[in-house]
$ cat coords_10.txt   # compact mmCIF, C-alpha atoms (C1' of nucleotides)
# COMPACT_ATOMS: atom_id res chain seq x y z
CA MET A 1 132.24 72.02 98.55
CA SER A 2 130.26 74.00 101.06
CA SER A 3 128.40 71.60 103.32
CA SER A 4 126.54 74.01 105.55
CA PRO A 5 123.11 72.87 106.75
CA LEU A 6 121.39 75.29 104.40
CA HIS A 7 123.46 74.11 101.45
CA ALA A 8 122.56 70.53 102.29
CA VAL A 9 118.87 71.50 102.26
CA TYR A 10 119.34 73.15 98.88
CA THR A 11 120.89 70.00 97.45
CA ARG A 12 118.02 67.88 98.67
CA LEU A 13 115.38 70.22 97.30
CA TYR A 14 117.13 70.54 93.95
CA ASP A 15 117.56 66.77 93.65
CA HIS A 16 113.88 66.28 94.45
CA TYR A 17 112.19 69.09 92.51
CA GLY A 18 114.75 69.98 89.84
CA PRO A 19 115.29 73.46 88.41
CA GLN A 20 112.32 75.79 88.87
CA HIS A 21 113.15 78.37 86.18
CA TRP A 22 112.21 81.39 88.26
CA TRP A 23 111.01 84.18 88.35
CA PRO A 24 107.98 83.36 86.14
CA ALA A 25 108.03 86.56 84.06
CA GLU A 26 109.12 87.71 80.61
CA THR A 27 110.57 91.10 81.55
CA PRO A 28 112.11 92.81 84.60
CA PHE A 29 109.09 95.09 84.79
CA GLU A 30 106.81 92.07 84.96
CA VAL A 31 108.95 90.78 87.84
CA ILE A 32 108.44 94.05 89.70
CA VAL A 33 104.69 94.06 89.12
CA GLY A 34 104.38 90.39 90.08
CA ALA A 35 106.40 90.93 93.26
CA ILE A 36 103.96 93.62 94.35
CA LEU A 37 100.81 91.77 93.30
CA THR A 38 101.79 88.55 95.08
CA GLN A 39 101.93 90.14 98.52
CA ASN A 40 99.90 87.85 100.78
CA THR A 41 98.12 86.55 97.69
CA ALA A 42 97.97 83.22 95.87
CA TRP A 43 100.08 83.29 92.72
CA ARG A 44 97.13 81.92 90.73
CA ASN A 45 95.30 85.20 91.21
CA VAL A 46 98.44 87.19 90.41
CA GLU A 47 98.74 85.38 87.10
CA ARG A 48 95.20 86.35 86.18
CA ALA A 49 95.89 89.97 87.00
CA LEU A 50 99.09 89.90 84.93
CA VAL A 51 97.16 88.45 81.98
CA ARG A 52 94.63 91.26 82.24
CA LEU A 53 97.42 93.83 82.39
CA LYS A 54 98.90 92.32 79.22
CA GLU A 55 95.53 92.22 77.49
CA ARG A 56 95.04 95.90 78.23
CA GLY A 57 98.58 96.75 77.17
CA LEU A 58 99.54 98.05 80.60
CA LEU A 59 102.54 95.85 81.35
CA SER A 60 105.19 98.42 80.53
CA PRO A 61 106.38 101.38 82.62
CA ALA A 62 105.21 103.93 80.05
CA ALA A 63 101.77 102.42 79.56
CA MET A 64 101.12 101.85 83.24
CA SER A 65 102.26 105.38 84.03
CA ALA A 66 99.75 106.75 81.55
CA ALA A 67 96.83 104.68 82.79
CA ASP A 68 94.12 106.17 84.96
CA LEU A 69 94.15 104.99 88.56
CA ASP A 70 90.66 103.50 88.37
CA VAL A 71 91.62 101.54 85.24
CA LEU A 72 94.75 100.22 86.93
CA GLU A 73 92.79 99.26 90.04
CA ASP A 74 90.13 97.48 88.03
CA THR A 75 92.72 95.58 86.01
CA ILE A 76 94.49 94.16 89.05
CA ARG A 77 91.36 93.64 91.13
CA LEU A 78 91.65 89.83 90.98
CA ALA A 79 94.95 89.95 92.89
CA GLY A 80 93.30 91.44 95.96
CA TYR A 81 94.25 94.55 97.96
CA PHE A 82 93.84 96.26 94.62
CA ARG A 83 93.72 99.83 95.89
CA ALA A 84 96.86 99.44 97.99
CA LYS A 85 98.70 97.60 95.24
CA ALA A 86 97.73 100.12 92.58
CA ARG A 87 99.10 102.86 94.82
CA THR A 88 102.31 100.88 95.34
CA LEU A 89 102.74 100.35 91.58
CA ARG A 90 102.34 104.08 91.09
CA GLY A 91 104.89 104.69 93.81
CA VAL A 92 107.46 102.58 91.98
CA LEU A 93 106.68 104.37 88.72
CA ALA A 94 107.15 107.71 90.48
CA LEU A 95 110.54 106.55 91.75
CA LEU A 96 111.45 105.34 88.27
CA HIS A 97 110.63 108.67 86.66
CA GLU A 98 111.84 111.02 89.37
CA ARG A 99 115.18 109.38 90.07
CA TYR A 100 115.99 107.45 86.89
CA GLY A 101 114.30 109.48 84.18
CA GLY A 102 111.91 106.63 83.42
CA ASP A 103 114.79 104.35 82.39
CA LEU A 104 114.23 100.96 84.02
CA ASN A 105 117.66 99.65 83.00
CA ARG A 106 119.23 102.60 84.72
CA MET A 107 117.24 101.93 87.85
CA LEU A 108 118.18 98.25 87.90
CA ALA A 109 121.86 99.14 87.37
CA GLU A 110 121.89 101.15 90.58
CA PRO A 111 124.14 99.72 93.35
CA GLY A 112 122.08 97.11 95.21
CA ALA A 113 122.21 98.73 98.63
CA THR A 114 121.10 102.09 97.19
CA LEU A 115 118.29 100.58 95.14
CA ARG A 116 117.06 98.67 98.18
CA VAL A 117 116.83 101.87 100.20
CA GLN A 118 114.99 103.62 97.38
CA LEU A 119 112.51 100.76 96.99
CA LEU A 120 111.85 100.58 100.73
CA ARG A 121 110.90 104.25 100.68
CA VAL A 122 107.94 103.40 98.44
CA ARG A 123 104.79 102.88 100.50
CA GLY A 124 103.74 99.25 100.16
CA ILE A 125 107.21 97.86 99.50
CA GLY A 126 108.76 96.02 102.42
CA PRO A 127 111.91 93.91 102.66
CA GLU A 128 110.57 90.83 100.88
CA THR A 129 109.21 92.71 97.89
CA ALA A 130 112.35 94.86 97.65
CA ASP A 131 114.58 91.79 97.78
CA SER A 132 112.48 89.91 95.22
CA ILE A 133 113.02 92.84 92.86
CA LEU A 134 116.73 93.05 93.66
CA LEU A 135 117.24 89.33 93.09
CA TYR A 136 114.94 88.50 90.19
CA ALA A 137 114.81 91.81 88.30
CA ALA A 138 118.23 93.29 89.09
CA GLY A 139 120.18 90.04 89.51
CA ARG A 140 121.69 90.92 92.87
CA PRO A 141 122.75 88.26 95.39
CA VAL A 142 120.17 88.97 98.09
CA PHE A 143 118.21 86.10 99.62
CA VAL A 144 114.44 86.48 99.79
CA ILE A 145 112.80 85.52 103.08
CA ASP A 146 109.11 84.71 102.88
CA ALA A 147 106.48 82.79 104.81
CA TYR A 148 107.56 79.50 103.21
CA THR A 149 111.17 80.11 104.19
CA ARG A 150 110.22 80.77 107.79
CA ARG A 151 108.08 77.63 107.92
CA MET A 152 110.83 75.48 106.45
CA LEU A 153 113.45 76.81 108.89
CA SER A 154 111.14 76.46 111.85
CA ARG A 155 109.98 72.91 111.11
CA THR A 156 113.41 71.56 110.29
CA GLY A 157 114.76 73.12 113.46
CA LEU A 158 117.41 74.98 111.48
CA ALA A 159 116.36 78.28 113.02
CA PRO A 160 113.63 79.58 115.36
CA ALA A 161 112.24 81.59 112.49
CA GLU A 162 109.17 82.85 114.32
CA ARG A 163 111.44 84.64 116.79
CA LEU A 164 114.01 86.02 114.35
CA SER A 165 113.79 89.17 112.27
CA TYR A 166 113.84 89.30 108.49
CA GLN A 167 117.39 90.61 108.61
CA GLU A 168 118.58 87.86 110.95
CA LEU A 169 117.13 85.16 108.73
CA GLN A 170 118.58 86.72 105.60
CA ASP A 171 121.99 86.91 107.29
CA LEU A 172 121.73 83.20 108.02
CA PHE A 173 121.48 82.40 104.30
CA HIS A 174 124.09 84.99 103.35
CA ARG A 175 126.60 83.49 105.79
CA GLN A 176 126.08 79.89 104.68
CA LEU A 177 125.89 80.31 100.90
CA PRO A 178 128.13 81.83 98.24
CA PRO A 179 126.68 85.16 96.99
CA ASN A 180 125.41 83.75 93.71
CA PRO A 181 122.15 85.25 92.32
CA ASP A 182 121.37 82.10 90.34
CA LEU A 183 121.76 79.96 93.44
CA PHE A 184 119.68 82.33 95.57
CA GLY A 185 116.96 82.54 92.96
CA GLU A 186 116.78 78.78 92.52
CA TYR A 187 116.86 78.15 96.26
CA HIS A 188 113.98 80.50 97.02
CA ALA A 189 111.95 78.97 94.19
CA LEU A 190 112.64 75.48 95.59
CA ILE A 191 111.47 76.56 99.04
CA VAL A 192 108.22 77.77 97.50
CA ALA A 193 107.88 74.45 95.66
CA LEU A 194 108.37 72.67 98.99
CA GLY A 195 105.78 74.88 100.63
CA LYS A 196 103.18 74.24 97.96
CA ASP A 197 103.95 70.53 97.79
CA CYS A 198 104.05 69.39 101.39
CA CYS A 199 105.13 72.00 103.94
CA HIS A 200 101.66 73.47 104.32
CA LYS A 201 100.67 75.76 107.17
CA GLN A 202 98.00 73.57 108.72
CA LYS A 203 97.99 70.32 106.78
CA PRO A 204 101.56 69.24 106.11
CA ARG A 205 102.11 66.09 104.07
CA CYS A 206 105.33 64.97 105.71
CA GLY A 207 105.34 61.57 104.05
CA ALA A 208 106.03 63.16 100.68
CA CYS A 209 108.52 65.73 101.97
CA PRO A 210 112.11 65.60 100.68
CA LEU A 211 113.24 67.05 104.03
CA ARG A 212 111.39 64.61 106.26
CA GLU A 213 114.63 63.05 107.55
CA LEU A 214 115.88 66.49 108.61
CA CYS A 215 112.56 67.68 109.94
CA ALA A 216 111.15 67.27 113.43
CA TRP A 217 107.64 67.18 111.99
CA GLY A 218 108.57 64.55 109.44
CA GLN A 219 110.07 62.44 112.23
CA GLY A 220 106.94 62.78 114.30
CA LYS A 221 108.92 64.67 116.96
CA GLY A 222 107.48 68.07 116.31
CA PRO A 223 104.05 69.41 117.09
CA SER A 224 101.28 67.23 115.78
CA PRO A 225 101.40 67.43 111.99
CA LEU A 226 97.62 67.45 111.97
CA PRO A 227 96.53 69.65 114.86
CA SER A 228 92.97 68.92 115.82
CA GLY A 229 92.23 72.37 117.15
CA LYS A 230 93.06 75.85 116.05
CA ASN A 231 96.62 76.65 115.22
C1' DG B 1 81.48 79.28 106.87
C1' DC B 2 86.30 79.04 107.73
C1' DC B 3 91.16 79.15 106.64
C1' DC B 4 94.66 80.20 103.55
C1' DA B 5 97.57 82.64 100.03
C1' DG B 6 105.31 83.88 97.67
C1' DG B 7 103.25 91.17 102.98
C1' DT B 8 102.96 95.86 104.49
C1' DG B 9 102.04 99.77 107.36
C1' DG B 10 99.65 102.19 110.92
C1' DG B 11 97.98 102.24 115.59
C1' DT B 12 98.27 101.16 120.49
C1' DA B 13 100.27 99.66 125.03
C1' DT C 1 109.52 96.24 121.03
C1' DA C 2 105.34 93.54 120.66
C1' DC C 3 101.01 92.61 119.23
C1' DC C 4 96.61 93.81 116.56
C1' DC C 5 94.31 95.05 112.60
C1' DA C 6 92.98 96.62 107.83
C1' DC C 7 93.82 95.83 103.26
C1' DA C 8 90.49 92.26 99.11
C1' DT C 9 90.01 88.53 96.15
C1' DG C 10 89.50 83.57 94.99
C1' DG C 11 90.17 78.54 96.08
C1' DG C 12 89.96 74.29 99.04

$ encode --input "coords_10.txt" --output "structure tokens"
Amino acid sequence: MSSSPLHAVYTRLYDHYGPQHWWPAETPFEVIVGAILTQNTAWRNVERALVRLKERGLLSPAAMSAADLDVLEDTIRLAGYFRAKARTLRGVLALLHERYGGDLNRMLAEPGATLRVQLLRVRGIGPETADSILLYAAGRPVFVIDAYTRRMLSRTGLAPAERLSYQELQDLFHRQLPPNPDLFGEYHALIVALGKDCCHKQKPRCGACPLRELCAWGQGKGPSPLPSGKN
DNA sequence: GCCCAGGTGGGTA
DNA sequence: TACCCACATGGG
């Protein structure tokens, strides 16, 4: 089958970590909310905020739309940037009601390119959040590029990720992989697993890394894995 | 106390 | 275009 470098990386990660069963959510709406709450935020704190939203009965489009702003802000406070994220959630709900009559299924059935444009028009939704929603809530074959993806590409030498745009990196995956939403979803989840396991920002644990044979850092050829000064 | 965490948008040169 | 910064909370 396809033996592109990125497919080879996928095979290694899958063999090492196994299926990740992503996105961790029970409904498409929960995927959307989680994608917004996790912006530059540890997932642990997002989970807590999602639990609070459930406890207060706010994890549905209708209920969240009816909630007062200060209640919404207070409920998601643990996820950080709570004012900005509450505003973004309201922006998505406004889009849902104004363009799709409040029907989430209708919104998610929109052609992918159109939905992406609509999502990007919401203040607080950038390419990664939009693509997370497209992939994990709408089931579209778009690859999500995040900080973990950039780090993996950069350290393995597969791409100079720090110098390439989001679009360029996404194109890289789209060119080398078949457009399969299940594959894309699993792959991104595996990259996150790699990032949390060993491909840390400042303290990588290359000895335990399933990519160490492909990776300059793992081979000791890259920058010092344990920089003594600032990085 | 410092750095980090599944980003985004606005301002400035 | 390329940086710089604010946005906020919790954990190591």

$ residues_near_point --input "coords_10.txt" --point "(113.0, 87.9, 87.0)" --cutoff "10 Å" --atoms "all atoms listed in the file" --output "ChimeraX atom specification"
/A:21-32,34-35,132-139,185

$ interface_residues --input "coords_10.txt" --of "chain A" --to "chain B" --cutoff "7 Å" --atoms "only C-alpha atoms (C1' of nucleotides)" --output "JSON, numbers by chain"
{"A": [38, 39, 40, 41, 42, 124, 125, 126, 146, 192]}

$ atom_distance --input "coords_10.txt" --atom1 "CA of Asn180 in chain A" --atom2 "CA of Pro61 in chain A"
28.2 Å

$ closest_atom_pairs --input "coords_10.txt" --of "chain C" --to "chain A" --cutoff "7 Å" --atoms "only C-alpha atoms (C1' of nucleotides)" --output "tab-separated table"
residue	atom	partner	partner_atom	distance
C:DC7	C1'	A:Tyr81	CA	5.5
C:DA8	C1'	A:Gly80	CA	4.3
C:DT9	C1'	A:Gly80	CA	4.4

$ write_last_selection --input "coords_10.txt" --atoms "C-alpha atoms (C1' of nucleotides)" --output "PDB file, keeping the file's coordinate frame"
ATOM      1  C1'  DC C   7      93.820  95.830 103.260  1.00  0.00           C
ATOM      2  C1'  DA C   8      90.490  92.260  99.110  1.00  0.00           C
ATOM      3  C1'  DT C   9      90.010  88.530  96.150  1.00  0.00           C
TER       4       DT C   9
END

$ closest_residue --input "coords_10.txt" --among "A:Gly220, A:Val144, A:Arg48, A:Leu115" --to "DG10 in chain C" --atoms "all atoms listed in the file"
A:Arg48

$ residues_around --input "coords_10.txt" --residues "range 117-123 of chain A" --least-positions-apart "6" --cutoff "12 Å" --atoms "all atoms listed in the file" --output "ChimeraX atom specification"
/A:32,36,84-96,98-100,107-108,110-111,129-134 /B:8-10

$ build_atoms --input "coords_10.txt" --residues "range 79-105 of chain A" --atoms "N, CA and C atoms" --output "compact mmCIF listing (two decimals), in the coordinates of the input"
# COMPACT_ATOMS: atom_id res chain seq x y z
N ALA A 79 93.82 90.28 92.02
CA ALA A 79 94.95 89.95 92.89
C ALA A 79 94.74 90.42 94.32
N GLY A 80 93.58 91.01 94.60
CA GLY A 80 93.30 91.44 95.96
C GLY A 80 94.06 92.69 96.37
N TYR A 81 93.61 93.31 97.47
CA TYR A 81 94.25 94.55 97.96
C TYR A 81 94.49 95.51 96.80
N PHE A 82 93.54 95.59 95.89
CA PHE A 82 93.84 96.26 94.62
C PHE A 82 94.10 97.75 94.75
N ARG A 83 93.45 98.40 95.73
CA ARG A 83 93.72 99.83 95.89
C ARG A 83 95.13 100.06 96.41
N ALA A 84 95.50 99.30 97.42
CA ALA A 84 96.86 99.44 97.99
C ALA A 84 97.93 99.10 96.96
N LYS A 85 97.68 98.03 96.21
CA LYS A 85 98.70 97.60 95.24
C LYS A 85 98.80 98.56 94.06
N ALA A 86 97.68 99.13 93.64
CA ALA A 86 97.73 100.12 92.58
C ALA A 86 98.54 101.34 93.04
N ARG A 87 98.35 101.73 94.28
CA ARG A 87 99.10 102.86 94.82
C ARG A 87 100.59 102.53 94.88
N THR A 88 100.91 101.29 95.26
CA THR A 88 102.31 100.88 95.34
C THR A 88 102.95 100.87 93.95
N LEU A 89 102.22 100.35 92.96
CA LEU A 89 102.74 100.35 91.58
C LEU A 89 103.03 101.78 91.14
N ARG A 90 102.12 102.68 91.45
CA ARG A 90 102.34 104.08 91.09
C ARG A 90 103.53 104.67 91.83
N GLY A 91 103.74 104.22 93.05
CA GLY A 91 104.89 104.69 93.81
C GLY A 91 106.21 104.27 93.17
N VAL A 92 106.25 103.05 92.67
CA VAL A 92 107.46 102.58 91.98
C VAL A 92 107.66 103.36 90.68
N LEU A 93 106.57 103.61 89.96
CA LEU A 93 106.68 104.37 88.72
C LEU A 93 107.15 105.79 89.00
N ALA A 94 106.70 106.36 90.11
CA ALA A 94 107.15 107.71 90.48
C ALA A 94 108.65 107.70 90.76
N LEU A 95 109.10 106.69 91.49
CA LEU A 95 110.54 106.55 91.75
C LEU A 95 111.31 106.42 90.44
N LEU A 96 110.79 105.57 89.56
CA LEU A 96 111.45 105.34 88.27
C LEU A 96 111.61 106.64 87.49
N HIS A 97 110.57 107.45 87.46
CA HIS A 97 110.63 108.67 86.66
C HIS A 97 111.41 109.78 87.36
N GLU A 98 111.22 109.90 88.66
CA GLU A 98 111.84 111.02 89.37
C GLU A 98 113.34 110.83 89.57
N ARG A 99 113.77 109.60 89.76
CA ARG A 99 115.18 109.38 90.07
C ARG A 99 115.97 108.83 88.89
N TYR A 100 115.27 108.12 87.99
CA TYR A 100 115.99 107.45 86.89
C TYR A 100 115.50 107.89 85.52
N GLY A 101 114.76 108.96 85.46
CA GLY A 101 114.30 109.48 84.18
C GLY A 101 113.44 108.51 83.39
N GLY A 102 112.78 107.59 84.09
CA GLY A 102 111.91 106.63 83.42
C GLY A 102 112.65 105.47 82.78
N ASP A 103 113.97 105.40 83.01
CA ASP A 103 114.79 104.35 82.39
C ASP A 103 114.95 103.18 83.36
N LEU A 104 114.23 102.10 83.09
CA LEU A 104 114.23 100.96 84.02
C LEU A 104 115.62 100.31 84.10
N ASN A 105 116.31 100.24 82.98
CA ASN A 105 117.66 99.65 83.00
C ASN A 105 118.59 100.44 83.91
